[in-house]
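**Q** Take this structure first; my questions come after.
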Amino acid sequence: MPRYELEVVERQEPKPDHVELLLDAPSLAAALTPGQFAHVWTPGRLRRPISFSRATPDGRVGLLFRVVGSGTRWLADRRVGDRLDVLAPLGHGFPTPETGPVLLVGGGVGIPPLFVAAQRWAATHPLSVILGARTADAVVMVADFQALGLEPSISTDDGSLGELGRVTSPLTRWLARNDGGQVLACGPTPMLAAVAELVGDGRPCWLAYEQRMGCGVGACLACVVPGVGTDGQPEWLRVCHDGPVFSSRRLWWARRPEEA
Amino acid sequence: MPRYELEVVERQEPKPDHVELLLDAPSLAAALTPGQFAHVWTPGRLRRPISFSRATPDGRVGLLFRVVGSGTRWLADRRVGDRLDVLAPLGHGFPTPETGPVLLVGGGVGIPPLFVAAQRWAATHPLSVILGARTADAVVMVADFQALGLEPSISTDDGSLGELGRVTSPLTRWLARNDGGQVLACGPTPMLAAVAELVGDGRPCWLAYEQRMGCGVGACLACVVPGVGTDGQPEWLRVCHDGPVFSSRRLWWARRPEEA
Amino acid sequence: MDLATRVGAVRLANPVLAASGTFGFGPEYDGLVDVAQLGGVAVKGIAPVPWRGNVPPRVWETPSGLLNSIGLQNPGVERFLAEDLPYLRDRGATVVVNIIGRTRAEYAAVARRLDGELGVHALELNISCPNVKEGGIQFGHDPAEAAAVTRAVKGATTLPVWVKLSPNTHDLPGMAQAVAAAGADALSAINTLVGMAIDVEHRRPALGGVTGGLSGPAIRPIAVRAVWEVSQAVDIPVVGMGGIETATDVLEFLLAGASAVMVGTATFSQPGAMIRIIQEMPTVLARYGFDSVRAAIGAAHPGRLTT
Amino acid sequence: MDLATRVGAVRLANPVLAASGTFGFGPEYDGLVDVAQLGGVAVKGIAPVPWRGNVPPRVWETPSGLLNSIGLQNPGVERFLAEDLPYLRDRGATVVVNIIGRTRAEYAAVARRLDGELGVHALELNISCPNVKEGGIQFGHDPAEAAAVTRAVKGATTLPVWVKLSPNTHDLPGMAQAVAAAGADALSAINTLVGMAIDVEHRRPALGGVTGGLSGPAIRPIAVRAVWEVSQAVDIPVVGMGGIETATDVLEFLLAGASAVMVGTATFSQPGAMIRIIQEMPTVLARYGFDSVRAAIGAAHPGRLTT
Ligand SMILES: Cc1cc2nc3c(=O)[nH]c(=O)nc-3n(C[C@H](O)[C@H](O)[C@H](O)COP(=O)(O)OP(=O)(O)OC[C@H]3O[C@@H](n4cnc5c(N)ncnc54)[C@H](O)[C@@H]3O)c2cc1C
Ligand SMILES: Cc1cc2nc3c(=O)[nH]c(=O)nc-3n(C[C@H](O)[C@H](O)[C@H](O)COP(=O)(O)OP(=O)(O)OC[C@H]3O[C@@H](n4cnc5c(N)ncnc54)[C@H](O)[C@@H]3O)c2cc1C
Ligand SMILES: Cc1cc2nc3c(=O)[nH]c(=O)nc-3n(C[C@H](O)[C@H](O)[C@H](O)COP(=O)(O)O)c2cc1C
Ligand SMILES: Cc1cc2nc3c(=O)[nH]c(=O)nc-3n(C[C@H](O)[C@H](O)[C@H](O)COP(=O)(O)O)c2cc1C
Ligand code: FES
Ligand code: FES
C-alpha cells in the first residue's frame, strides 16, 4: 500500500464536531473500493484509521470524521493547503453486490463509507439507505445521498431527526418488503450485531468493523476482532487487513449478538 | 517569585542563530537586578533559564539567546503578539558595585546580563567592557554598549572581530592599568575560572554561572555548582537561588581553575 | 463536590499532594502555591545527617520524561526541623516527611527524631531512590529487607508510615505484601525508574551521576499498573504518583485504586499545576459520573465494574 | 561512511533492524520498506504451535509511548516456515527469528526446527514478553531459569542465539551474565516494560489484556541504561532497542555500547522510519566525529572517554 502526502483542497463542517477534509488524490479516487480506509498520520505514536467518505470524478477523496480525541482534534485543525500523510487505500472494502436490491445501513460515522458505496453502485443497483445515530447532529451526508437521487430513511435515538428509535425498525420493514437482496452496513458494533441478527443467514450481509489499530497494514496484530474459523472455533480477524468489511457469517459477534 | 504571561512586543535577530525578544513588563523592568534571569516555559518537562538582556525606561525587558536546542528553537519561533510564560525575576544578580572602576567581562551569550549592568551603572561608575566569543557571529550587543557611550574591547578566538585570542589579554591589560576596582563577569565556566584566577583575591570579582536547571526556584537541587564552604570544604551552591552571581571567593572552580 | 479523602488515619482536604523532592520545603514556591490549599506536601528525603548528593549535571529531559540524579542531597533532620518545617507548619500544611537512610538504624533514627514533632503528619519511607548506591537501593527490591526497615521505623515512631515503592522490581505485589505485613500504614507508588541518557555531542553520560531516575508522563503507564497491582494485593491505602499533569490523570490513578496522588515533575514546568488540578477535579469527577473523590477510588477494578 | 557492523558471527550491512512484533513478516510493508536495505528483520515471536494472543483492544497510546497486549499471537513455526519465511528469504533479508515458548522444551523445539533452515540467520529468545502469564515471563527475571532456557536452545541449534532481556527486573547485569555464561551469542535489550492505562470514560482497563507492554520514546532512557549496564557486564555484543526514532537516537545506543539496534514502534507512525534512519546515519556519524558505525560502539564508556 502506498504512502501519500495529500493536499487538503476543501474543508467542511457538515455537523457540529464533524469535519470532512477533501484531498486531492486522483489515483486514489479512481482505485477506491467502498469501505476502504486511510491510516492518517497525526502527532503521537499511532496513525488514525478513517474511512473514505467520497471519491469524486475530479479526483478528490473525502475523509469525514467526528472529533472525539487528540488525533481527530488535530485533524480537525487542518486547513486548505495543508498536507496529510496517509497510507491508503487500506483493507478490503465491500464486494461488488450481486444484481438485485441493495440496502445500505449506516450509523453515525459509519455512514461515510456507505456513501462511497452509493456513489459506486447507485447507477447499477436498486439502492435503499437507512441512516441512524443518537441524535440529529450525528446524521451526516443526508444531502449527499439525496443528490444521488436516494432518499434515506432516518432514525435517531432521541427522535431529533426522522423516526424515533434504532435503525432496526426501518431495517425490519425493508427485510419484510424485499425477498432477496443484500445488506451492507457500517456503524458501532452493537448496531452491526443487531443488523446481522435481523438479516439472518438468508441474504448476503457485509459489515464494516472498527477496532483500535497499530500498524494498519496487518503487521502488528493489534486490530483483531473475533471471527468464526472454518472449524466453527473462534479465530482472530485483523480489521485492517482481513477487513474492515467482513461477511456476517465470519464474525463471532454477528453470530452471537448477545455478546457484542 | 511571580509568574507572568508577557507579550512579545519586538523580535530581533542580532546575529545568526541569535534572537532577542522584547517583552512588555513594566514592573519587571523596574525591579530587575543585573544578572537575574527568567525561567521561560517551553514545551517539554523543563523551563529554560535565560538572563535578562536589557530593561528599558518604557517598561520592556529583553531576552537574548542563542539557538542551541529544542527549547531555544521554540523560543526563536515566537512572534510579536505571542505571549511567554515566565517565572521572574529569579536569582541573585550582581551587587551594586562599590565606587571605583568596574570592569564587565562577557563571553558569548554571557554578554546580555552585563549589558543590564551597564545600563544600570553607566551613569554612576566608570565602566570598562570586555567582550569575547569564539567568532564575530557570537559577539552580541556591541552597538548597545556603544549607545551608552562605552567602547568594548573585543576579542575572538578566530580573530574575526577585534583582537585574536581570549578575553584574558584585554583583562590582563585592564588589571595592570587599574589598581583597585572590581570585575563582573559572565560566560562559559572555563572563562569564568580564568577571569577569577587573573583577578585574584585583591579585588571583588563577581561571576554569573550556568547550570542545567529543574525548578529554577531552589526547590529541586538540580542546578548545583561546587562552592567553597566556610570550613574550606566543598559545598553545593544552587545557581538558581544562591546565584547565578557568586563572589569568586565562594566558587570551587574559581579557586581551582585547573579543575574547571 | 466532595474532594476529601483519607490515607489511613491521615485525612486530606483533597487528594493532591506535592511529591517528595520536587517541591522543596514549600517556601521556594511562595507566591505561586499556597501550601494550605494542597492535599499535602511530601518534603525532600531527610536523612539523620546532611547528604551531599551527586555531581552535576543533575537533570536531563527525555521524551515526555525527566531524568534526575540529585542523589538525595538533604540538610539532615536537625536542620530540617529547625529551618524548614516551621514554614509548612505555620501555614497549616499537611506534611509528609520522606525519610532516607543508609541502614535500618538510620531510617529508625530519623523516624524517632520526627515522632511527636508538631506539624508532621506522616512519614514516607523512601526505600526506592535509585540514586544512592550504598544502602537505600537494596531495600527497594528485596521484600525481606523492605519489611525489616518498615518494622524498624514502625517501632521508632507513632506517626503513620507510608512506604514508597520502587518500580525497578518485577514483583511489586510481593513487596507491597511484605511491607504491609510489617506494619506499613499506606504505600506510595511509584518512585522513579532507573534510566540514563547519553550526551551525544560530548560522548558521555548526560548526568553527572551517570544513571538517574526517570519521572514524568513517560512513566505514567508504569505507575498506573503499579497502583492497580498493589491496591489489589494489600488492604492498606495506596498513594499514586508518576507523570500526573491533569485532573483526568488524577482520576486515572483513583480508578486504578489510589486513595490520593502526588504531583512531582509537572510542578517544574507549571508551578501552579497542583492548584489548577485541584480546581478542575470537581468538573472532571462530575463529567465521568462521580460525586466524590472517594466514589472513584478503585472504581475500575473488576469487582467494581458495575459501579 | 562504513555502516557495516557485526553481532557476533552475524554480519550486518547497517545497524538498523526491524524489532520483533512491529514489522510482521515483511510483506505487510511491501512497497514501503525494502527488507534487503535493512540491517535485518526480527520477525514476530514464533512458538511451536499457533497462539491466540489476548482479547482486544490490544493497543493504547500514552505520552511518547505505546501500550500493547498482543499476547504473542503467532502462526506457529510450521506455518511461519511455509508461509512467511520465503518472502524474506527471497529478498535476501537478514532474518532473526524471535522465538517463544511456555517451557524450556518448547523453546528448544522451535530452535531445533529452525536449525539449518535457509534464510534464518539468528534466533532471538524472547524470555521477556510481559503479555504471557504462563511460562515465558518467569524466565525474564530469574537468572537461573534464563540460563537454563538459553542452554536448552543452544543445545538444539547451531544458529547464533540472541537473548532478549526484560527491563522488568532490578538486576539486568546479573541476567546478562547468567545467559552469557549459558552460551548466548548476543543480547537484545530491551523488551517492553509492563504498564497499564485506564479508559477513564468506561472505567475499565484500556487494554483487553489489562496490562501491556510499554514501548516507544518514553522508555528510551530505560533502554539506554540497560544497554550501558549489560554491555559493561558481559563480553558478548548487545543489540539495543527502545524508542528509537532518529539516526541520533541510534548513535545514542551505539555510544552506550550497542553493536546494532532495532526499531519498533516508530514504524507504526512512519513506516519509512528505518530506511530514513539508515540514510541519515552517515551524516549524523560524521557530524559527531565518527567515520564508521564501529568507531561509535561503546564510545561513551569511561575507558573510552578520550576517543
Ligand atoms: C476501519 C476504521 C474506519 C473508521 N472510519 C471512521 C470514519 O470514517 N469517521 C470517523 O469519525 N471515525 C472513523 N473511525 C474511528 C476513528 O478511527 C476514531 O474515531 C479515531 O481513531 C479517534 O482518534 P482520536 O485520537 O481522536 O481519539 P482518541 O480516543 O484520543 O484515540 C486514542 C486511540 O484510540 C483509537 N480509537 C479511538 N476510537 C476508535 C474507534 N472508534 N475505532 C478505532 N480506533 C479508535 C485511536 O485511533 C487512537 O489510537 C474508523 C475506525 C476504523 C477502525
Ligand atoms: C542562569 C542562566 C542564564 C542563562 N542566560 C542565557 C542567555 O541570556 N542567553 C542564552 O542564550 N543562554 C542563556 N543560558 C543558557 C540557556 O539556558 C540554554 O542555552 C538553554 O537552556 C538551552 O535550551 P535548549 O532547549 O535550546 O537546548 P537543549 O540542549 O536541547 O536543552 C536541553 C536541556 O539542557 C539545558 N541546557 C542546555 N544548555 C544549557 C546551559 N548552557 N545552561 C543551562 N542549561 C542548559 C536546557 O535548559 C534543557 O533543560 C542561561 C543559563 C542559565 C543557567
Ligand atoms: C528532582 C526529583 C527529586 C526527587 N527526590 C525524591 C526524594 O527525595 N524522595 C523520594 O521518595 N522521591 C523523590 N523523587 C520522586 C518523586 O517524588 C516521584 O515519586 C516521581 O518523580 C514520580 O512522580 P512525577 O512523575 O509526578 O514526578 C524525586 C523526583 C524528582 C523529579
Ligand atoms: C505491537 C508490538 C508487538 C511486539 N511483539 C514482540 C514479540 O513478539 N517478541 C518480542 O521479543 N518483542 C516484541 N515487541 C517488543 C519490540 O520488539 C521492542 O523490543 C520494543 O517495542 C521496544 O522497541 P520500540 O520502542 O522501538 O518499539 C513488540 C512490541 C510491540 C509494540
Ligand atoms: S493494525 Fe496492525 S494488524 Fe491491524
Ligand atoms: S533548578 Fe531547582 S534548585 Fe535550582
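By convention here, the chains of the C-alpha cells are called A, B, ... in the order presented, each chain's residues are numbered starting at 1, and ligands are numbered starting at 1 in the order presented.
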Would you mind listing what lies within 7 Å of region 53-56 of chain A as JSON, numbers by chain, with only C-alpha atoms counted and same-chain residues fewer than 2 positions away left out?
**A** {"A": [29, 51, 58, 59, 60, 61, 62, 63, 64, 112, 113, 115, 116]}
**Q** Just to be explicit: take each residue in the selection above, keep C-alpha atoms, and write the result as a PDB file, in the first residue's frame.
**A**
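Final file, out_11.pdb:
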```pdb
ATOM      1  CA  ALA A  29     -10.221   8.385  -6.188  1.00  0.00           C
ATOM      2  CA  SER A  51     -12.830   5.539   6.058  1.00  0.00           C
ATOM      3  CA  ASP A  58     -12.463  15.299 -10.463  1.00  0.00           C
ATOM      4  CA  GLY A  59     -10.040  13.230  -8.422  1.00  0.00           C
ATOM      5  CA  ARG A  60     -10.812  14.088  -4.844  1.00  0.00           C
ATOM      6  CA  VAL A  61     -11.357  11.794  -1.916  1.00  0.00           C
ATOM      7  CA  GLY A  62     -13.018  12.706   1.358  1.00  0.00           C
ATOM      8  CA  LEU A  63     -12.357  11.869   4.990  1.00  0.00           C
ATOM      9  CA  LEU A  64     -15.296  12.640   7.256  1.00  0.00           C
ATOM     10  CA  PRO A 112     -19.374   7.847   5.116  1.00  0.00           C
ATOM     11  CA  PRO A 113     -18.142   4.518   3.672  1.00  0.00           C
ATOM     12  CA  PHE A 115     -21.865   6.916   0.695  1.00  0.00           C
ATOM     13  CA  VAL A 116     -18.896   5.722  -1.344  1.00  0.00           C
TER      14      VAL A 116
END
```
**Q** Write out as a ChimeraX atom specification the residues lying within 9 Å of His18 (chain A), counting only C-alpha atoms and excluding same-chain residues fewer than 6 positions away.
**A** /A:12,64-67,76,109,137-138,140
**Q** Would you put the residues from that selection into a file with all heavy atoms, as a tab-separated table (two decimals), in the first residue's frame?
**A**
```tsv
chain	number	residue	atom	x	y	z
A	12	GLN	N	-14.94	21.05	5.22
A	12	GLN	CA	-16.34	21.30	5.56
A	12	GLN	C	-16.57	20.93	7.01
A	12	GLN	O	-15.89	20.06	7.56
A	12	GLN	CB	-17.27	20.41	4.71
A	12	GLN	CG	-17.07	20.50	3.22
A	12	GLN	CD	-17.76	21.73	2.64
A	12	GLN	OE1	-18.49	22.42	3.34
A	12	GLN	NE2	-17.48	21.98	1.37
A	64	LEU	N	-14.32	11.97	6.40
A	64	LEU	CA	-15.30	12.64	7.26
A	64	LEU	C	-15.22	12.00	8.63
A	64	LEU	O	-15.37	10.79	8.77
A	64	LEU	CB	-16.69	12.47	6.66
A	64	LEU	CG	-17.81	13.37	7.21
A	64	LEU	CD1	-19.01	13.32	6.28
A	64	LEU	CD2	-18.22	13.06	8.63
A	65	PHE	N	-14.98	12.81	9.64
A	65	PHE	CA	-14.77	12.23	10.97
A	65	PHE	C	-15.40	13.10	12.04
A	65	PHE	O	-15.61	14.30	11.86
A	65	PHE	CB	-13.27	12.07	11.26
A	65	PHE	CG	-12.49	13.32	11.02
A	65	PHE	CD1	-12.28	14.23	12.04
A	65	PHE	CD2	-11.98	13.61	9.77
A	65	PHE	CE1	-11.57	15.40	11.82
A	65	PHE	CE2	-11.26	14.78	9.54
A	65	PHE	CZ	-11.06	15.67	10.57
A	66	ARG	N	-15.68	12.43	13.14
A	66	ARG	CA	-16.18	13.11	14.31
A	66	ARG	C	-14.99	13.38	15.23
A	66	ARG	O	-14.10	12.54	15.37
A	66	ARG	CB	-17.18	12.22	15.04
A	66	ARG	CG	-18.08	12.96	16.00
A	66	ARG	CD	-19.33	12.15	16.27
A	66	ARG	NE	-19.04	11.08	17.20
A	66	ARG	CZ	-19.11	11.22	18.53
A	66	ARG	NH1	-19.46	12.38	19.07
A	66	ARG	NH2	-18.84	10.21	19.32
A	67	VAL	N	-14.96	14.55	15.83
A	67	VAL	CA	-13.87	14.89	16.75
A	67	VAL	C	-14.15	14.23	18.09
A	67	VAL	O	-15.11	14.58	18.77
A	67	VAL	CB	-13.76	16.42	16.92
A	67	VAL	CG1	-12.67	16.77	17.93
A	67	VAL	CG2	-13.48	17.07	15.57
A	76	ALA	N	-8.94	17.96	12.71
A	76	ALA	CA	-9.97	18.99	12.52
A	76	ALA	C	-9.33	20.37	12.36
A	76	ALA	O	-9.93	21.27	11.77
A	76	ALA	CB	-10.95	18.99	13.69
A	109	VAL	N	-20.71	7.88	12.38
A	109	VAL	CA	-19.57	7.99	11.47
A	109	VAL	C	-19.36	6.70	10.67
A	109	VAL	O	-18.37	6.57	9.94
A	109	VAL	CB	-18.26	8.40	12.18
A	109	VAL	CG1	-18.35	9.84	12.64
A	109	VAL	CG2	-17.95	7.45	13.31
A	137	ASP	N	-27.64	15.64	15.19
A	137	ASP	CA	-26.33	16.23	14.95
A	137	ASP	C	-25.28	15.22	14.51
A	137	ASP	O	-24.14	15.59	14.22
A	137	ASP	CB	-25.82	16.93	16.23
A	137	ASP	CG	-26.42	18.32	16.37
A	137	ASP	OD1	-27.10	18.75	15.41
A	137	ASP	OD2	-26.21	18.94	17.41
A	138	ALA	N	-25.62	13.95	14.51
A	138	ALA	CA	-24.64	12.94	14.11
A	138	ALA	C	-25.08	12.20	12.84
A	138	ALA	O	-24.44	11.24	12.43
A	138	ALA	CB	-24.41	11.95	15.25
A	140	VAL	N	-24.96	12.31	9.23
A	140	VAL	CA	-24.23	13.08	8.22
A	140	VAL	C	-24.57	12.62	6.80
A	140	VAL	O	-25.12	11.53	6.60
A	140	VAL	CB	-22.70	12.95	8.42
A	140	VAL	CG1	-22.27	13.65	9.72
A	140	VAL	CG2	-22.28	11.49	8.44
```
**Q** Please extract the residues at most 8 Å from ligand 2, counting only C-alpha atoms and all ligand atoms, and provide them as a ChimeraX atom specification, using the chain letters and residue numbers of this document.
**A** /B:18,35-38,46-53,63-74,91,109-113,208-214,223,239-240,243-244 /C:59-61
**Q** Between CA of Asn191 (chain C) and CA of Ile222 (chain D), measure the distance and give it in Å to one decimal.
**A**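 One can read the CA of Asn191 (chain C) to CA of Ile222 (chain D) distance as 14.2 Å.
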**Q** Which protein, DNA or RNA residues have an atom within 6 Å of ligand 4, counting only C-alpha atoms and all ligand atoms, as a list in words?
**A**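 Selection of residues at most 6 Å from ligand 4: Cys220 of chain A; Ala19, Ser20, Gly21, Thr22, Lys44, Gly45, Asn68, Leu72, Asn98, Asn126, Ile190, Asn191, Thr192, Ser215, Gly216, Met241, Gly242, Gly243, Ile244, Val263, Gly264 and Thr265 of chain D.
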**Q** Could you take the residues named above and write them with C-alpha atoms, as an mmCIF file, in the first residue's frame?
**A**
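Result file part.cif:
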```cif
data_model
loop_
_atom_site.group_PDB
_atom_site.id
_atom_site.type_symbol
_atom_site.label_atom_id
_atom_site.label_comp_id
_atom_site.auth_asym_id
_atom_site.auth_seq_id
_atom_site.Cartn_x
_atom_site.Cartn_y
_atom_site.Cartn_z
ATOM 1 C CA CYS A 220 1.187 -5.915 14.426
ATOM 2 C CA ALA D 19 12.084 -5.083 16.000
ATOM 3 C CA SER D 20 10.103 -8.217 16.597
ATOM 4 C CA GLY D 21 6.331 -7.840 16.539
ATOM 5 C CA THR D 22 6.288 -4.473 14.845
ATOM 6 C CA LYS D 44 7.157 -11.773 15.355
ATOM 7 C CA GLY D 45 7.713 -14.250 18.211
ATOM 8 C CA ASN D 68 0.348 -3.235 23.561
ATOM 9 C CA LEU D 72 2.224 -13.246 21.353
ATOM 10 C CA ASN D 98 12.197 -14.291 17.674
ATOM 11 C CA ASN D 126 12.076 -13.714 23.885
ATOM 12 C CA ILE D 190 15.126 -4.187 25.834
ATOM 13 C CA ASN D 191 11.692 -5.649 25.538
ATOM 14 C CA THR D 192 8.717 -3.615 26.719
ATOM 15 C CA SER D 215 7.348 0.816 24.099
ATOM 16 C CA GLY D 216 8.317 3.972 22.263
ATOM 17 C CA MET D 241 16.241 -1.016 21.215
ATOM 18 C CA GLY D 242 13.529 1.040 22.811
ATOM 19 C CA GLY D 243 12.086 4.242 21.413
ATOM 20 C CA ILE D 244 14.475 4.786 18.547
ATOM 21 C CA VAL D 263 13.369 -0.020 15.579
ATOM 22 C CA GLY D 264 9.846 -0.987 16.572
ATOM 23 C CA THR D 265 7.069 1.417 17.475
#
```
**Q** Would you mind telling me which residue in D:Asp235, D:Ser269, D:Gly140, D:Ala82 lies nearest to ligand 5 when using only C-alpha atoms and all ligand atoms?
**A** D:Ser269
**Q** Apply DSSP to the structure's backbone, then extract all residues of region 20-253 of chain C labelled strand (DSSP E) and return them as number ranges by chain.
**A** C: 40-46, 59-62, 65-68, 95-99, 122-126, 161-164, 186-189, 193-195, 198-199, 204-205, 212-215, 238-241
**Q** I'd like the contact shell of Met1 (chain C) - 12 Å cut-off, only C-alpha atoms, skipping same-chain residues fewer than 5 positions apart - returned as JSON, numbers by chain.
**A** {"C": [13, 14, 278, 279, 280, 281, 282, 283, 284, 285, 286, 287, 289, 290, 291, 292, 293, 294, 295]}
**Q** Select all residues from chain C having any atom no more than 10 Å from an atom of chain B (counting only C-alpha atoms, ignoring ligands), output as an NGL selection string.
**A** :C and (20-32 or 43-44 or 52-66 or 68-74 or 215-217 or 265-272)
**Q** Show me, as a ChimeraX atom specification, every residue of chain D with an atom at most 6 Å from chain C, counting only C-alpha atoms.
**A** /D:63-64,168-170,195-198,203-204,217-218,221-222,224-225,252,300
**Q** According to DSSP computed on the backbone, where in region 1-242 of chain B is there alpha helix (DSSP H)? Give the residues as a VMD selection string.
**A** chain B and resid 26 to 31 70 to 76 111 to 121 142 to 147 168 to 177 189 to 199
**Q** Would you save the residues from that selection as a compact mmCIF listing (two decimals), in the first residue's frame, using N, CA and C atoms?
**A**
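Okay, this is what ended up in result_27.txt:
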```txt
# COMPACT_ATOMS: atom_id res chain seq x y z
N PRO B 26 6.51 46.22 32.55
CA PRO B 26 6.95 47.41 33.31
C PRO B 26 7.43 47.08 34.72
N SER B 27 6.71 46.22 35.44
CA SER B 27 7.13 46.00 36.84
C SER B 27 8.45 45.25 36.89
N LEU B 28 8.65 44.33 35.96
CA LEU B 28 9.93 43.63 35.90
C LEU B 28 11.06 44.59 35.53
N ALA B 29 10.80 45.42 34.53
CA ALA B 29 11.83 46.33 34.05
C ALA B 29 12.31 47.22 35.20
N ALA B 30 11.41 47.58 36.07
CA ALA B 30 11.76 48.45 37.18
C ALA B 30 12.51 47.71 38.28
N ALA B 31 12.17 46.42 38.49
CA ALA B 31 12.64 45.69 39.66
C ALA B 31 13.95 44.94 39.45
N SER B 70 16.15 22.33 21.35
CA SER B 70 14.71 22.36 21.11
C SER B 70 14.03 23.57 21.78
N GLY B 71 14.44 23.89 22.99
CA GLY B 71 13.78 24.96 23.72
C GLY B 71 14.05 26.31 23.10
N THR B 72 15.31 26.60 22.82
CA THR B 72 15.63 27.89 22.23
C THR B 72 15.12 27.97 20.79
N ARG B 73 15.00 26.83 20.12
CA ARG B 73 14.41 26.87 18.78
C ARG B 73 12.94 27.26 18.88
N TRP B 74 12.24 26.68 19.84
CA TRP B 74 10.83 27.04 20.02
C TRP B 74 10.71 28.52 20.36
N LEU B 75 11.59 28.99 21.23
CA LEU B 75 11.55 30.40 21.61
C LEU B 75 11.83 31.29 20.41
N ALA B 76 12.76 30.84 19.57
CA ALA B 76 13.12 31.65 18.40
C ALA B 76 11.94 31.77 17.43
N ILE B 111 27.11 37.80 27.53
CA ILE B 111 27.16 39.27 27.38
C ILE B 111 25.87 39.96 27.86
N PRO B 112 24.68 39.42 27.52
CA PRO B 112 23.44 40.15 27.83
C PRO B 112 23.29 40.61 29.28
N PRO B 113 23.54 39.77 30.29
CA PRO B 113 23.34 40.28 31.65
C PRO B 113 24.28 41.44 31.98
N LEU B 114 25.45 41.48 31.31
CA LEU B 114 26.38 42.57 31.58
C LEU B 114 25.90 43.87 30.95
N PHE B 115 25.08 43.73 29.90
CA PHE B 115 24.53 44.96 29.34
C PHE B 115 23.53 45.58 30.32
N VAL B 116 22.76 44.74 31.01
CA VAL B 116 21.86 45.28 32.04
C VAL B 116 22.67 45.99 33.12
N ALA B 117 23.82 45.41 33.46
CA ALA B 117 24.70 46.06 34.43
C ALA B 117 25.18 47.41 33.90
N ALA B 118 25.52 47.43 32.63
CA ALA B 118 25.98 48.69 32.02
C ALA B 118 24.86 49.73 32.05
N GLN B 119 23.64 49.28 31.69
CA GLN B 119 22.50 50.21 31.75
C GLN B 119 22.34 50.79 33.14
N ARG B 120 22.50 49.93 34.13
CA ARG B 120 22.24 50.35 35.50
C ARG B 120 23.32 51.28 36.04
N TRP B 121 24.59 50.98 35.68
CA TRP B 121 25.68 51.66 36.38
C TRP B 121 26.55 52.57 35.51
N VAL B 142 27.23 44.84 20.87
CA VAL B 142 28.30 45.84 20.82
C VAL B 142 27.71 47.23 20.63
N ALA B 143 26.77 47.35 19.70
CA ALA B 143 26.17 48.67 19.43
C ALA B 143 25.41 49.18 20.65
N ASP B 144 24.84 48.25 21.41
CA ASP B 144 24.11 48.68 22.61
C ASP B 144 25.05 49.30 23.62
N PHE B 145 26.19 48.66 23.82
CA PHE B 145 27.17 49.25 24.74
C PHE B 145 27.63 50.61 24.21
N GLN B 146 27.86 50.67 22.89
CA GLN B 146 28.32 51.93 22.31
C GLN B 146 27.30 53.04 22.51
N ALA B 147 26.02 52.65 22.40
CA ALA B 147 24.97 53.65 22.58
C ALA B 147 24.98 54.23 23.99
N THR B 168 41.20 37.10 28.13
CA THR B 168 42.23 37.22 29.16
C THR B 168 43.28 38.29 28.83
N SER B 169 43.56 38.51 27.56
CA SER B 169 44.57 39.53 27.22
C SER B 169 44.08 40.93 27.58
N PRO B 170 42.94 41.37 27.06
CA PRO B 170 42.48 42.71 27.48
C PRO B 170 42.26 42.79 28.99
N LEU B 171 41.86 41.65 29.59
CA LEU B 171 41.66 41.66 31.05
C LEU B 171 42.98 41.93 31.77
N THR B 172 44.03 41.25 31.33
CA THR B 172 45.35 41.46 31.93
C THR B 172 45.76 42.93 31.82
N ARG B 173 45.52 43.50 30.65
CA ARG B 173 45.87 44.92 30.46
C ARG B 173 45.07 45.81 31.41
N TRP B 174 43.78 45.52 31.54
CA TRP B 174 42.93 46.35 32.41
C TRP B 174 43.42 46.24 33.86
N LEU B 175 43.76 45.03 34.25
CA LEU B 175 44.21 44.83 35.63
C LEU B 175 45.51 45.59 35.88
N ALA B 176 46.37 45.62 34.87
CA ALA B 176 47.64 46.32 35.00
C ALA B 176 47.40 47.82 35.11
N ARG B 177 46.41 48.32 34.37
CA ARG B 177 46.14 49.76 34.33
C ARG B 177 45.37 50.25 35.55
N THR B 189 32.07 28.48 31.81
CA THR B 189 32.79 28.21 33.06
C THR B 189 34.31 28.33 32.93
N PRO B 190 34.93 27.79 31.89
CA PRO B 190 36.40 27.96 31.80
C PRO B 190 36.81 29.43 31.73
N MET B 191 36.00 30.25 31.05
CA MET B 191 36.30 31.68 31.00
C MET B 191 36.21 32.28 32.40
N LEU B 192 35.15 31.92 33.12
CA LEU B 192 34.98 32.48 34.47
C LEU B 192 36.14 32.08 35.37
N ALA B 193 36.57 30.84 35.22
CA ALA B 193 37.69 30.36 36.04
C ALA B 193 38.95 31.15 35.72
N ALA B 194 39.15 31.39 34.43
CA ALA B 194 40.35 32.15 34.03
C ALA B 194 40.28 33.57 34.54
N VAL B 195 39.10 34.18 34.47
CA VAL B 195 38.93 35.55 34.96
C VAL B 195 39.25 35.60 36.45
N ALA B 196 38.66 34.65 37.19
CA ALA B 196 38.87 34.65 38.64
C ALA B 196 40.35 34.51 38.97
N GLU B 197 41.05 33.66 38.23
CA GLU B 197 42.46 33.44 38.50
C GLU B 197 43.27 34.72 38.28
N LEU B 198 42.98 35.39 37.15
CA LEU B 198 43.73 36.60 36.84
C LEU B 198 43.41 37.72 37.82
N VAL B 199 42.14 37.84 38.19
CA VAL B 199 41.76 38.92 39.10
C VAL B 199 42.34 38.68 40.49
```
**Q** Considering only C-alpha atoms and all ligand atoms, can you say which of A:Asp201, A:Asp242, A:Asp158, A:Glu163 comes closest to ligand 1?
**A**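 Once distances to ligand 1 are computed over only C-alpha atoms and all ligand atoms, the minimum belongs to A:Asp242.
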